>>> print(open('input37.txt').read())   # compact mmCIF, C-alpha atoms and all ligand atoms
# COMPACT_ATOMS: atom_id res chain seq x y z
CA LYS M 1 67.49 130.24 288.59
CA LEU M 2 65.35 128.91 285.82
CA ASN M 3 63.82 126.43 288.19
CA ASP M 4 62.54 129.18 290.43
CA MET M 5 59.06 128.16 289.48
CA ALA M 6 57.57 128.44 292.92
CA THR M 7 57.14 132.16 292.20
CA SER M 8 54.76 131.69 289.32
CA GLY M 9 53.12 128.51 290.53
CA ILE M 10 53.09 126.86 287.11
CA LEU M 11 54.95 123.71 286.36
CA MET M 12 56.94 124.28 283.19
CA SER M 13 59.81 121.88 283.57
CA GLU M 14 59.95 120.81 279.92
CA SER M 15 59.84 124.45 278.88
CA SER M 16 62.65 125.37 281.25
CA LYS M 17 64.82 122.57 279.87
CA LEU M 18 64.09 123.60 276.29
CA TYR M 19 64.78 127.20 277.15
CA GLU M 20 68.18 126.34 278.57
CA GLU M 21 69.00 124.49 275.34
CA ALA M 22 67.59 127.34 273.28
CA MET M 23 69.70 129.92 275.10
CA LYS M 24 72.85 128.19 273.89
CA VAL M 25 72.01 128.32 270.20
CA LEU M 26 69.40 131.06 269.73
CA VAL M 27 69.90 134.66 270.74
CA GLY M 28 68.03 135.12 274.00
CA GLY M 29 66.54 131.67 273.41
CA VAL M 30 64.08 132.99 270.82
CA ASN M 31 63.75 134.15 267.22
CA SER M 32 61.73 137.31 267.84
CA PRO M 33 62.29 139.47 270.92
CA VAL M 34 58.77 139.71 272.39
CA ARG M 35 58.79 135.94 272.89
CA ALA M 36 61.52 136.36 275.50
CA ALA M 37 59.41 138.77 277.57
CA ILE M 38 57.61 135.94 279.39
CA ARG M 39 59.08 135.49 282.87
CA PRO M 40 60.94 133.60 284.17
CA TYR M 41 61.19 132.03 280.73
CA PRO M 42 58.90 131.41 277.75
CA PHE M 43 56.59 128.42 277.68
CA PHE M 44 57.23 126.20 274.66
CA VAL M 45 54.22 125.22 272.57
CA ARG M 46 53.33 121.71 271.49
CA GLU M 47 50.20 122.43 269.46
CA GLY M 48 47.22 124.66 268.97
CA LYS M 49 43.55 124.00 268.27
CA GLY M 50 40.75 126.56 268.02
CA PRO M 51 41.17 129.18 270.79
CA TYR M 52 43.70 127.06 272.70
CA ILE M 53 47.38 126.40 272.69
CA PHE M 54 48.88 123.48 274.57
CA THR M 55 52.34 123.81 276.06
CA VAL M 56 54.96 121.07 276.17
CA ASP M 57 54.19 120.92 279.89
CA GLY M 58 50.58 120.06 279.24
CA GLN M 59 49.08 123.42 280.14
CA ARG M 60 46.07 124.55 278.12
CA LEU M 61 45.96 128.27 277.43
CA ILE M 62 43.14 130.32 275.95
CA ASP M 63 45.04 132.30 273.35
CA TYR M 64 44.53 136.03 272.74
CA VAL M 65 47.90 136.46 271.04
CA LEU M 66 47.05 134.29 268.03
CA GLY M 67 50.51 134.46 266.54
CA TYR M 68 50.37 138.27 266.94
CA GLY M 69 47.35 138.60 264.72
CA PRO M 70 47.21 136.26 261.73
CA LEU M 71 44.99 133.52 263.19
CA ILE M 72 41.56 135.12 262.84
CA LEU M 73 39.98 131.65 262.64
CA GLY M 74 41.93 130.32 265.64
CA HIS M 75 44.47 127.52 265.51
CA ALA M 76 44.39 124.81 262.85
CA PRO M 77 40.89 125.54 261.49
CA GLU M 78 39.58 122.58 259.46
CA PRO M 79 39.01 124.37 256.14
CA VAL M 80 42.55 125.72 256.12
CA VAL M 81 44.11 122.41 257.20
CA LYS M 82 42.21 120.64 254.44
CA ARG M 83 43.31 122.97 251.64
CA VAL M 84 46.92 123.08 252.83
CA MET M 85 47.11 119.28 252.99
CA GLU M 86 45.63 118.98 249.51
CA TYR M 87 48.16 121.36 248.06
CA ILE M 88 51.23 120.26 249.97
CA ASN M 89 50.98 116.80 248.46
CA ARG M 90 51.49 118.32 245.03
CA GLY M 91 54.82 119.97 245.83
CA TRP M 92 55.35 123.52 246.94
CA LEU M 93 57.95 125.59 245.12
CA TYR M 94 58.52 126.06 241.41
CA GLY M 95 60.10 129.40 240.61
CA ALA M 96 57.14 129.73 238.27
CA PRO M 97 53.64 131.07 238.87
CA THR M 98 50.70 129.04 240.18
CA GLU M 99 46.99 129.71 239.87
CA ILE M 100 46.61 130.20 243.63
CA GLU M 101 48.49 133.50 243.73
CA VAL M 102 46.19 134.81 241.00
CA ALA M 103 43.14 133.72 242.98
CA LEU M 104 44.37 135.37 246.19
CA ALA M 105 45.31 138.59 244.37
CA LYS M 106 41.81 138.68 242.81
CA LYS M 107 40.24 138.38 246.25
CA ILE M 108 42.32 141.25 247.59
CA VAL M 109 41.55 143.43 244.56
CA SER M 110 37.84 142.68 245.03
CA HIS M 111 37.90 143.73 248.69
CA PHE M 112 40.14 146.81 248.50
CA PRO M 113 38.91 149.39 245.95
CA SER M 114 42.27 151.22 246.16
CA ILE M 115 44.14 148.10 245.01
CA LYS M 116 44.23 147.08 241.37
CA LYS M 117 47.39 144.96 241.43
CA VAL M 118 49.26 143.06 244.12
CA ARG M 119 52.85 141.90 244.71
CA PHE M 120 53.24 139.11 247.25
CA VAL M 121 56.34 139.00 249.44
CA ASN M 122 57.18 137.05 252.59
CA SER M 123 56.58 139.31 255.56
CA GLY M 124 54.92 142.52 256.59
CA GLY M 125 58.31 144.16 256.92
CA GLU M 126 59.23 143.25 253.36
CA ALA M 127 55.90 144.61 252.17
CA VAL M 128 56.63 147.91 253.90
CA ALA M 129 60.16 148.08 252.46
CA THR M 130 58.72 147.50 249.00
CA ALA M 131 55.95 150.05 249.50
CA ILE M 132 58.46 152.71 250.56
CA ARG M 133 60.73 151.95 247.62
CA LEU M 134 57.72 152.21 245.31
CA ALA M 135 56.67 155.53 246.83
CA ARG M 136 60.20 156.87 246.38
CA GLY M 137 60.34 155.57 242.83
CA TYR M 138 56.96 157.09 242.02
CA THR M 139 57.49 160.52 243.57
CA LYS M 140 61.26 160.71 243.04
CA ARG M 141 61.47 162.06 246.60
CA ARG M 142 63.57 160.73 249.46
CA LYS M 143 61.86 161.18 252.80
CA ILE M 144 59.04 159.43 254.55
CA LEU M 145 56.89 160.54 257.44
CA LYS M 146 55.90 158.03 260.11
CA PHE M 147 54.24 158.27 263.51
CA GLU M 148 55.87 157.84 266.87
CA GLY M 149 54.83 154.45 268.28
CA CYS M 150 53.83 152.92 264.94
CA TYR M 151 55.70 149.75 264.05
CA HIS M 152 56.13 148.70 260.45
CA GLY M 153 58.59 145.81 260.66
CA ALA M 154 62.23 145.23 261.48
CA ILE M 155 63.58 147.29 258.59
CA ASP M 156 65.92 150.26 258.66
CA TYR M 157 63.63 152.87 257.09
CA VAL M 158 60.99 152.59 259.81
CA LEU M 159 62.93 151.60 262.92
CA VAL M 160 62.71 155.15 264.14
CA LYS M 161 60.61 155.81 267.24
CA ALA M 162 58.89 152.49 266.64
CA GLY M 163 56.43 150.52 268.77
CA SER M 164 55.96 146.82 269.54
CA ALA M 165 59.05 145.01 270.85
CA ALA M 166 61.14 148.02 269.83
CA ALA M 167 59.25 149.99 272.47
CA HIS M 168 59.03 147.17 275.02
CA PHE M 169 62.77 146.62 275.05
CA GLY M 170 63.49 150.35 275.09
CA THR M 171 65.23 150.55 271.73
CA PRO M 172 62.84 152.53 269.56
CA SER M 173 65.73 153.28 267.25
CA SER M 174 67.94 150.31 266.60
CA ALA M 175 71.70 150.18 266.68
CA GLY M 176 73.00 149.47 263.21
CA VAL M 177 70.66 151.83 261.40
CA PRO M 178 72.92 154.43 259.77
CA GLU M 179 72.19 158.07 260.64
CA ASP M 180 72.01 158.76 256.92
CA VAL M 181 69.08 156.36 256.64
CA ALA M 182 67.31 157.39 259.86
CA LYS M 183 67.42 161.07 258.96
CA LEU M 184 65.27 160.40 255.91
CA THR M 185 62.51 159.26 258.28
CA LEU M 186 60.52 162.11 259.77
CA VAL M 187 58.27 161.55 262.74
CA ALA M 188 54.92 163.07 263.71
CA ARG M 189 52.43 162.42 266.48
CA TYR M 190 49.60 159.96 265.90
CA ASN M 191 46.12 161.49 266.05
CA ASP M 192 47.64 164.97 265.78
CA LEU M 193 47.16 166.52 262.33
CA ASP M 194 48.88 169.74 263.39
CA SER M 195 52.09 167.82 263.99
CA VAL M 196 51.81 166.37 260.48
CA GLU M 197 51.11 169.73 258.91
CA ARG M 198 54.12 171.24 260.72
CA VAL M 199 56.52 168.62 259.36
CA MET M 200 55.03 168.79 255.89
CA ARG M 201 55.19 172.56 255.79
CA SER M 202 58.96 172.47 256.15
CA GLU M 203 59.83 169.17 254.44
CA GLY M 204 56.74 168.28 252.40
CA ASN M 205 58.36 168.82 249.03
CA ASP M 206 60.80 166.02 249.74
CA VAL M 207 58.35 163.60 251.38
CA ALA M 208 57.60 160.55 249.23
CA ALA M 209 55.02 159.07 251.56
CA ILE M 210 53.19 159.34 254.83
CA ILE M 211 53.05 155.84 256.30
CA VAL M 212 50.60 155.03 259.07
CA GLU M 213 48.99 152.12 260.87
CA PRO M 214 45.36 153.17 260.41
CA VAL M 215 44.76 151.69 263.86
CA MET M 216 47.94 151.81 265.91
CA ALA M 217 48.34 148.21 267.03
CA ASN M 218 51.92 148.19 268.22
CA TYR M 219 51.64 150.55 271.17
CA GLY M 220 48.70 148.76 272.62
CA VAL M 221 45.61 149.45 270.52
CA ILE M 222 45.02 153.09 269.61
CA PRO M 223 42.18 153.87 267.17
CA PRO M 224 42.33 156.91 264.91
CA ARG M 225 40.30 159.85 266.12
CA GLU M 226 37.42 161.03 263.99
CA GLY M 227 38.88 162.85 260.98
CA PHE M 228 42.51 161.83 261.53
CA LEU M 229 42.83 159.45 258.57
CA LYS M 230 40.83 161.74 256.31
CA GLY M 231 43.08 164.61 257.36
CA LEU M 232 46.16 162.56 256.44
CA ARG M 233 44.63 161.87 253.05
CA GLU M 234 44.18 165.61 252.49
CA ILE M 235 47.65 166.58 253.70
CA ALA M 236 49.31 163.89 251.56
CA ASP M 237 47.42 165.16 248.49
CA LYS M 238 48.21 168.77 249.25
CA TYR M 239 51.97 168.08 249.29
CA GLY M 240 52.01 165.50 246.49
CA ALA M 241 53.08 162.69 248.83
CA LEU M 242 51.60 159.18 248.72
CA LEU M 243 49.59 157.83 251.63
CA ILE M 244 50.62 154.34 252.70
CA PHE M 245 48.25 152.45 254.98
CA ASP M 246 50.13 149.70 256.73
CA GLU M 247 47.26 147.22 257.05
CA VAL M 248 49.46 144.28 258.03
CA VAL M 249 47.37 144.00 261.21
CA THR M 250 44.08 145.66 260.22
CA GLY M 251 43.73 144.07 256.76
CA TYR M 252 40.97 141.41 257.02
CA ARG M 253 40.84 142.02 260.78
CA LEU M 254 38.55 145.05 260.82
CA GLY M 255 36.57 143.32 258.08
CA LEU M 256 37.01 142.29 254.45
CA GLY M 257 38.07 145.74 253.25
CA GLY M 258 40.36 146.41 256.20
CA ALA M 259 40.64 149.81 257.84
CA GLN M 260 40.05 151.55 254.50
CA ARG M 261 36.52 150.29 254.25
CA TYR M 262 35.89 150.53 258.00
CA TYR M 263 36.89 154.20 258.18
CA GLY M 264 36.03 155.13 254.60
CA VAL M 265 39.44 156.51 253.65
CA SER M 266 41.52 155.19 250.74
CA ALA M 267 45.28 154.77 250.69
CA ASP M 268 47.54 155.12 247.66
CA ILE M 269 49.60 152.09 248.67
CA THR M 270 48.46 149.36 251.06
CA THR M 271 50.65 146.85 252.82
CA LEU M 272 49.13 143.58 253.97
CA GLY M 273 50.44 140.51 255.77
CA LYS M 274 49.42 138.25 258.66
CA ILE M 275 45.81 137.14 257.92
CA ILE M 276 46.29 136.95 254.13
CA GLY M 277 48.70 134.04 254.69
CA GLY M 278 46.38 132.25 257.11
CA GLY M 279 49.28 132.02 259.58
CA PHE M 280 51.95 131.12 257.02
CA PRO M 281 54.67 133.66 256.13
CA VAL M 282 53.40 136.39 253.84
CA GLY M 283 53.32 140.05 252.99
CA ALA M 284 51.77 142.00 250.12
CA VAL M 285 51.85 145.42 248.54
CA GLY M 286 48.87 146.72 246.60
CA ALA M 287 48.03 149.95 244.79
CA ARG M 288 46.53 151.31 241.59
CA ASP M 289 48.10 150.24 238.27
CA GLU M 290 50.02 153.46 237.72
CA ILE M 291 51.98 152.83 240.92
CA MET M 292 52.25 149.04 240.82
CA ASP M 293 53.46 148.98 237.23
CA LEU M 294 56.64 150.70 238.37
CA LEU M 295 57.67 147.40 239.98
CA SER M 296 59.97 144.93 238.25
CA PRO M 297 59.45 143.32 235.75
CA ARG M 298 57.24 146.13 234.38
CA GLY M 299 59.16 149.06 235.79
CA PRO M 300 62.40 150.28 237.35
CA VAL M 301 61.61 149.70 241.06
CA PHE M 302 63.16 146.38 242.00
CA ASN M 303 61.53 143.64 244.00
CA ALA M 304 62.04 139.88 243.86
CA GLY M 305 61.94 136.87 246.16
CA THR M 306 62.56 133.13 246.04
CA PHE M 307 59.50 132.57 248.21
CA ASN M 308 57.27 135.38 246.88
CA GLY M 309 53.74 134.05 246.39
CA HIS M 310 54.59 130.80 248.15
CA PRO M 311 51.83 128.33 247.22
CA ILE M 312 51.22 127.14 250.79
CA SER M 313 50.91 130.66 252.18
CA MET M 314 48.66 131.54 249.24
CA ILE M 315 46.32 128.59 249.71
CA ALA M 316 46.15 129.08 253.49
CA GLY M 317 45.30 132.76 252.95
CA LEU M 318 42.72 131.95 250.31
CA ALA M 319 41.08 129.31 252.50
CA THR M 320 40.98 131.76 255.42
CA ILE M 321 39.42 134.53 253.35
CA ASP M 322 36.88 132.07 251.92
CA VAL M 323 35.71 131.30 255.45
CA LEU M 324 35.60 135.01 256.33
CA GLU M 325 33.48 135.69 253.24
CA THR M 326 31.02 132.84 253.60
CA THR M 327 30.43 132.24 257.33
CA ASN M 328 29.65 134.21 260.48
CA ALA M 329 33.32 134.13 261.50
CA TYR M 330 33.57 137.91 261.84
CA ASP M 331 30.41 138.07 263.95
CA ILE M 332 31.87 135.65 266.47
CA ALA M 333 35.31 137.27 266.55
CA ILE M 334 33.83 140.77 266.87
CA SER M 335 31.38 139.76 269.62
CA ALA M 336 34.23 138.12 271.50
CA SER M 337 36.35 141.26 271.34
CA ARG M 338 33.45 143.47 272.39
CA ARG M 339 32.42 141.27 275.30
CA LEU M 340 36.04 141.00 276.44
CA ALA M 341 36.51 144.77 276.33
CA GLU M 342 33.27 145.33 278.28
CA GLY M 343 34.09 142.59 280.76
CA ILE M 344 37.61 143.87 281.46
CA ASN M 345 36.26 147.37 281.87
CA ASP M 346 33.62 146.16 284.26
CA VAL M 347 35.97 144.09 286.45
CA LEU M 348 38.54 146.90 286.69
CA SER M 349 35.88 149.53 287.42
CA ARG M 350 34.48 147.44 290.25
CA SER M 351 37.94 146.99 291.72
CA GLY M 352 38.72 150.72 291.50
CA ILE M 353 41.87 150.37 289.38
CA ASP M 354 42.52 153.25 286.95
CA HIS M 355 42.25 151.91 283.43
CA VAL M 356 41.28 152.53 279.82
CA VAL M 357 40.19 149.82 277.40
CA ASN M 358 40.64 150.64 273.71
CA TRP M 359 38.66 148.56 271.25
CA VAL M 360 38.19 148.13 267.52
CA PRO M 361 36.57 145.06 265.91
CA THR M 362 38.51 141.89 266.91
CA MET M 363 41.24 143.71 268.81
CA LEU M 364 41.61 145.54 272.09
CA GLN M 365 44.04 146.49 274.81
CA VAL M 366 43.83 147.63 278.42
CA PHE M 367 46.01 150.47 279.73
CA PHE M 368 46.41 151.15 283.44
CA THR M 369 46.11 154.91 283.35
CA LYS M 370 43.54 157.67 283.81
CA GLY M 371 42.17 159.53 280.86
CA GLU M 372 42.13 158.57 277.21
CA VAL M 373 44.91 156.81 275.33
CA ILE M 374 45.31 158.48 271.95
CA ASP M 375 49.04 158.38 271.13
CA HIS M 376 52.43 157.05 272.25
CA GLU M 377 52.62 159.55 275.08
CA THR M 378 49.27 158.80 276.69
CA ALA M 379 49.86 155.05 276.17
CA GLY M 380 53.27 155.44 277.76
CA LYS M 381 51.60 156.63 280.98
CA SER M 382 50.16 153.18 281.54
CA ASP M 383 51.49 151.23 284.51
CA THR M 384 53.28 148.65 282.39
CA LYS M 385 54.37 146.68 285.47
CA LEU M 386 50.75 146.21 286.46
CA TYR M 387 49.98 145.07 282.91
CA LEU M 388 52.78 142.52 283.11
CA ARG M 389 51.39 141.28 286.41
CA LEU M 390 47.98 140.87 284.85
CA HIS M 391 49.62 138.85 282.07
CA GLU M 392 51.32 136.66 284.68
CA GLU M 393 48.22 136.13 286.82
CA LEU M 394 46.26 135.20 283.70
CA LEU M 395 48.95 132.80 282.53
CA LYS M 396 48.74 130.96 285.86
CA ARG M 397 45.02 130.63 285.24
CA GLY M 398 45.26 129.38 281.68
CA VAL M 399 44.85 132.58 279.66
CA PHE M 400 47.55 133.93 277.35
CA ILE M 401 47.69 137.67 276.64
CA ALA M 402 50.84 139.29 275.22
CA PRO M 403 53.60 139.82 277.78
CA SER M 404 53.94 143.44 276.70
CA GLN M 405 51.67 146.43 277.15
CA PHE M 406 52.66 147.53 273.64
CA GLU M 407 50.91 144.69 271.83
CA ALA M 408 47.23 143.94 271.21
CA MET M 409 44.75 141.32 272.38
CA PHE M 410 43.29 139.58 269.34
CA THR M 411 40.13 137.49 269.07
CA SER M 412 39.18 134.85 266.52
CA SER M 413 36.08 133.07 265.29
CA SER M 414 36.98 130.22 267.66
CA HIS M 415 36.51 132.49 270.69
CA THR M 416 32.89 131.52 271.24
CA SER M 417 30.94 133.02 274.13
CA ASP M 418 31.68 130.11 276.52
CA VAL M 419 35.42 130.63 275.96
CA VAL M 420 35.10 134.37 276.55
CA GLU M 421 33.01 133.90 279.70
CA GLU M 422 35.62 131.51 281.08
CA THR M 423 38.28 134.11 280.28
CA LEU M 424 36.33 136.79 282.14
CA ARG M 425 36.11 134.60 285.24
CA GLN M 426 39.89 134.22 285.14
CA ILE M 427 40.27 137.96 284.66
CA GLU M 428 38.09 138.58 287.71
CA ASP M 429 40.29 136.27 289.83
CA SER M 430 43.48 137.73 288.38
CA VAL M 431 42.41 141.27 289.22
CA LYS M 432 41.61 140.17 292.79
CA ALA M 433 45.14 138.77 292.99
CA LEU M 434 46.55 142.06 291.70
CA LYS M 435 44.75 143.92 294.45
CA GLN M 436 46.05 141.63 297.18
CA VAL M 437 49.70 142.57 296.84
N1 LIG M 501 53.38 146.37 260.05
C1 LIG M 501 52.64 146.22 261.14
C2 LIG M 501 51.52 147.17 261.39
C3 LIG M 501 52.91 145.16 262.02
O1 LIG M 501 52.17 145.02 263.13
C4 LIG M 501 53.95 144.27 261.74
C5 LIG M 501 54.29 143.10 262.63
N2 LIG M 501 53.63 142.97 263.80
C6 LIG M 501 54.71 144.49 260.58
C7 LIG M 501 54.39 145.53 259.75
C8 LIG M 501 55.83 143.59 260.22
O2 LIG M 501 55.36 142.37 259.80
P1 LIG M 501 56.30 141.08 259.85
O3 LIG M 501 56.54 140.79 261.30
O4 LIG M 501 55.53 140.03 259.13
O5 LIG M 501 57.55 141.47 259.12
>>> encode(input="input37.txt", output="structure tokens", more="lines below")
Ligand code: PMP
Amino acid sequence: KLNDMATSGILMSESSKLYEEAMKVLVGGVNSPVRAAIRPYPFFVREGKGPYIFTVDGQRLIDYVLGYGPLILGHAPEPVVKRVMEYINRGWLYGAPTEIEVALAKKIVSHFPSIKKVRFVNSGGEAVATAIRLARGYTKRRKILKFEGCYHGAIDYVLVKAGSAAAHFGTPSSAGVPEDVAKLTLVARYNDLDSVERVMRSEGNDVAAIIVEPVMANYGVIPPREGFLKGLREIADKYGALLIFDEVVTGYRLGLGGAQRYYGVSADITTLGKIIGGGFPVGAVGARDEIMDLLSPRGPVFNAGTFNGHPISMIAGLATIDVLETTNAYDIAISASRRLAEGINDVLSRSGIDHVVNWVPTMLQVFFTKGEVIDHETAGKSDTKLYLRLHEELLKRGVFIAPSQFEAMFTSSSHTSDVVEETLRQIEDSVKALKQV
């Protein structure tokens, strides 16, 4: 069955062999579920450079997945390679601090006015778990409020009505999460302050934190409506709950100060990940001193990790942020995302297919539906099968977008205008192919 390649027209024989091997020893042949969504099987990657990845079968793909967000400079950018190579030769794990974690923390503190101290962990999910524990420790309350469709990592507290692969595979609430845990997680509707106020009116006195993706990036891309984030800030304050911005995706993607600077609203606790490790494993929690000093070793809220502040992740993140600060990297990545959004819109309008393109700087997504996409429900109206076919037609033509409607397209500073124009030509042809069936 795996060799049924005639259907997709791409030769992926090495990938199919590797996938068969992988299926024997890895669950579903992969280590993270969305990777298995590529039909008839995932392509295996040999290397990446700039905007391209190269498969083991020799196919070159223009990459708009970018490791699901971290690679804002594209693959293997020289300045990051150089710093990582320098540092890796010195050794890489000491169970003692290094100067690099101080330097990266200083950068983050300089870019996010709401952050005075940072704790580095190893993934976005860990950052969120730590942020929630901190919020509970600080407020001495038990519950949290999240939004339907927001994804905050593969951790029990937030695997309730979640987006990303949890939505794609139809398991928004995971098996194995005890009822007793899930019932501490309340859910409201994104972009709907009334739904937040309703929940807070009845449960607000026991809500430790409202946690939100300031731009929902795990149900496609859904920007906050005017006033939504500011409204959350006010409601959190009114009920004495903390506001957690999960900026694992938006941090350093919407710009140096993340969504907080872009939208002009401050969080109490911020979670970061992805870009701040330059593509190496990382997560971080940041907040004002009064909150952060509750963490061990200063305070009673426990957090620890063998790999916390890993020197290679730290140096890769630092090198990445240096480039973002000192070059026109954002200009290129933002122009690419804007041109792509306009181009997709244009092609689909000309072909008469119902669609919406949502855009924020350096990220976008297309939904095949009429009307605006503002929350999980309107996003859920998209023709996800048509999206998957677009993904497949593009893959045949050398362009990689996520195999799930409920992810984002990301651009990087390596997506120069020639790369984007080539992509748009492939989109034009792909859309023609969609219309033919
Ligand atoms: N928060 C958000 C907003 C995310 O998009 C993700 C992952 N895509 C996470 C948290 C979890 O991060 P990680 O996969 O590094 O655990």
>>> residues_near_ligand(input="input37.txt", ligand="ligand LIG 501 (chain M)", cutoff="9 Å", atoms="only C-alpha atoms and all ligand atoms", output="count of residues only")
38
>>> residues_around(input="input37.txt", residues="Phe112 of chain M", least_positions_apart="3", cutoff="8 Å", atoms="all atoms listed in the file", output="ChimeraX atom specification")
/M:108-109,115,257-258,260-261
>>> write_last_selection(input="input37.txt", atoms="C-alpha atoms", output="compact mmCIF listing (two decimals), keeping the file's coordinate frame")
# COMPACT_ATOMS: atom_id res chain seq x y z
CA ILE M 108 42.32 141.25 247.59
CA VAL M 109 41.55 143.43 244.56
CA ILE M 115 44.14 148.10 245.01
CA GLY M 257 38.07 145.74 253.25
CA GLY M 258 40.36 146.41 256.20
CA GLN M 260 40.05 151.55 254.50
CA ARG M 261 36.52 150.29 254.25
>>> closest_residue(input="input37.txt", among="M:Ser414, M:Tyr263, M:Leu186, M:Ala287", to="Val199 of chain M", atoms="all atoms listed in the file")
M:Leu186
>>> atom_distance(input="input37.txt", atom1="atom CA of Pro224 of chain M", atom2="atom CA of Ala333 of chain M")
20.9 Å
>>> atom_distance(input="input37.txt", atom1="atom CA of Gly286 of chain M", atom2="atom CA of Thr320 of chain M")
19.1 Å
>>> residues_around(input="input37.txt", residues="Ile321 of chain M", least_positions_apart="5", cutoff="9 Å", atoms="all atoms listed in the file", output="list of chain:residue names")
M:Leu104, M:Lys107, M:Tyr252, M:Leu256, M:Ile275, M:Ile276, M:Gly278, M:Ala316, M:Thr326
>>> residues_around(input="input37.txt", residues="Val34 of chain M", least_positions_apart="6", cutoff="12 Å", atoms="all atoms listed in the file", output="ChimeraX atom specification")
/M:28,41-42,65,67-68,163-170,218,402-407
>>> closest_residue(input="input37.txt", among="M:Leu145, M:Ile315, M:Ile72, M:Ile344", to="Val102 of chain M", atoms="all atoms listed in the file")
M:Ile315
>>> residues_around(input="input37.txt", residues="segment 428-433 of chain M", least_positions_apart="5", cutoff="8 Å", atoms="only C-alpha atoms", output="JSON, numbers by chain")
{"M": [347, 348, 351, 390, 393, 394, 397]}
>>> residues_around(input="input37.txt", residues="Ala131 of chain M", least_positions_apart="6", cutoff="8 Å", atoms="only C-alpha atoms", output="list in words")
Ile244, Ile269, Thr270, Thr271 and Val285 of chain M
>>> atom_distance(input="input37.txt", atom1="atom CA of Ala267 of chain M", atom2="atom CA of Met314 of chain M")
23.5 Å
>>> closest_residue(input="input37.txt", among="M:His391, M:Ala236, M:Pro113, M:Ser202", to="Ser266 of chain M", atoms="all atoms listed in the file")
M:Pro113
>>> decode(input="input37.txt", residues="segment 282-307 of chain M", atoms="C-alpha atoms", output="PDB file, in the first residue's frame")
ATOM      1  CA  VAL M 282      13.643  25.542  24.612  1.00  0.00           C
ATOM      2  CA  GLY M 283      10.902  27.158  26.615  1.00  0.00           C
ATOM      3  CA  ALA M 284      10.846  30.103  29.008  1.00  0.00           C
ATOM      4  CA  VAL M 285       8.640  31.726  31.595  1.00  0.00           C
ATOM      5  CA  GLY M 286       8.944  35.413  32.359  1.00  0.00           C
ATOM      6  CA  ALA M 287       7.164  37.849  34.661  1.00  0.00           C
ATOM      7  CA  ARG M 288       7.767  40.661  37.138  1.00  0.00           C
ATOM      8  CA  ASP M 289      10.004  39.947  40.159  1.00  0.00           C
ATOM      9  CA  GLU M 290       7.168  39.545  42.629  1.00  0.00           C
ATOM     10  CA  ILE M 291       5.847  36.588  40.626  1.00  0.00           C
ATOM     11  CA  MET M 292       9.120  35.062  39.433  1.00  0.00           C
ATOM     12  CA  ASP M 293      10.683  35.110  42.892  1.00  0.00           C
ATOM     13  CA  LEU M 294       8.117  32.534  43.979  1.00  0.00           C
ATOM     14  CA  LEU M 295      10.024  29.968  41.898  1.00  0.00           C
ATOM     15  CA  SER M 296      12.578  27.628  43.416  1.00  0.00           C
ATOM     16  CA  PRO M 297      15.249  28.314  44.650  1.00  0.00           C
ATOM     17  CA  ARG M 298      13.858  31.679  45.834  1.00  0.00           C
ATOM     18  CA  GLY M 299      10.328  30.552  46.594  1.00  0.00           C
ATOM     19  CA  PRO M 300       7.980  27.625  47.180  1.00  0.00           C
ATOM     20  CA  VAL M 301       6.858  26.952  43.581  1.00  0.00           C
ATOM     21  CA  PHE M 302       9.006  24.138  42.271  1.00  0.00           C
ATOM     22  CA  ASN M 303      10.695  23.984  38.902  1.00  0.00           C
ATOM     23  CA  ALA M 304      13.919  22.277  37.868  1.00  0.00           C
ATOM     24  CA  GLY M 305      15.439  20.592  34.827  1.00  0.00           C
ATOM     25  CA  THR M 306      18.617  18.781  33.820  1.00  0.00           C
ATOM     26  CA  PHE M 307      18.585  20.609  30.500  1.00  0.00           C
TER      27      PHE M 307
END
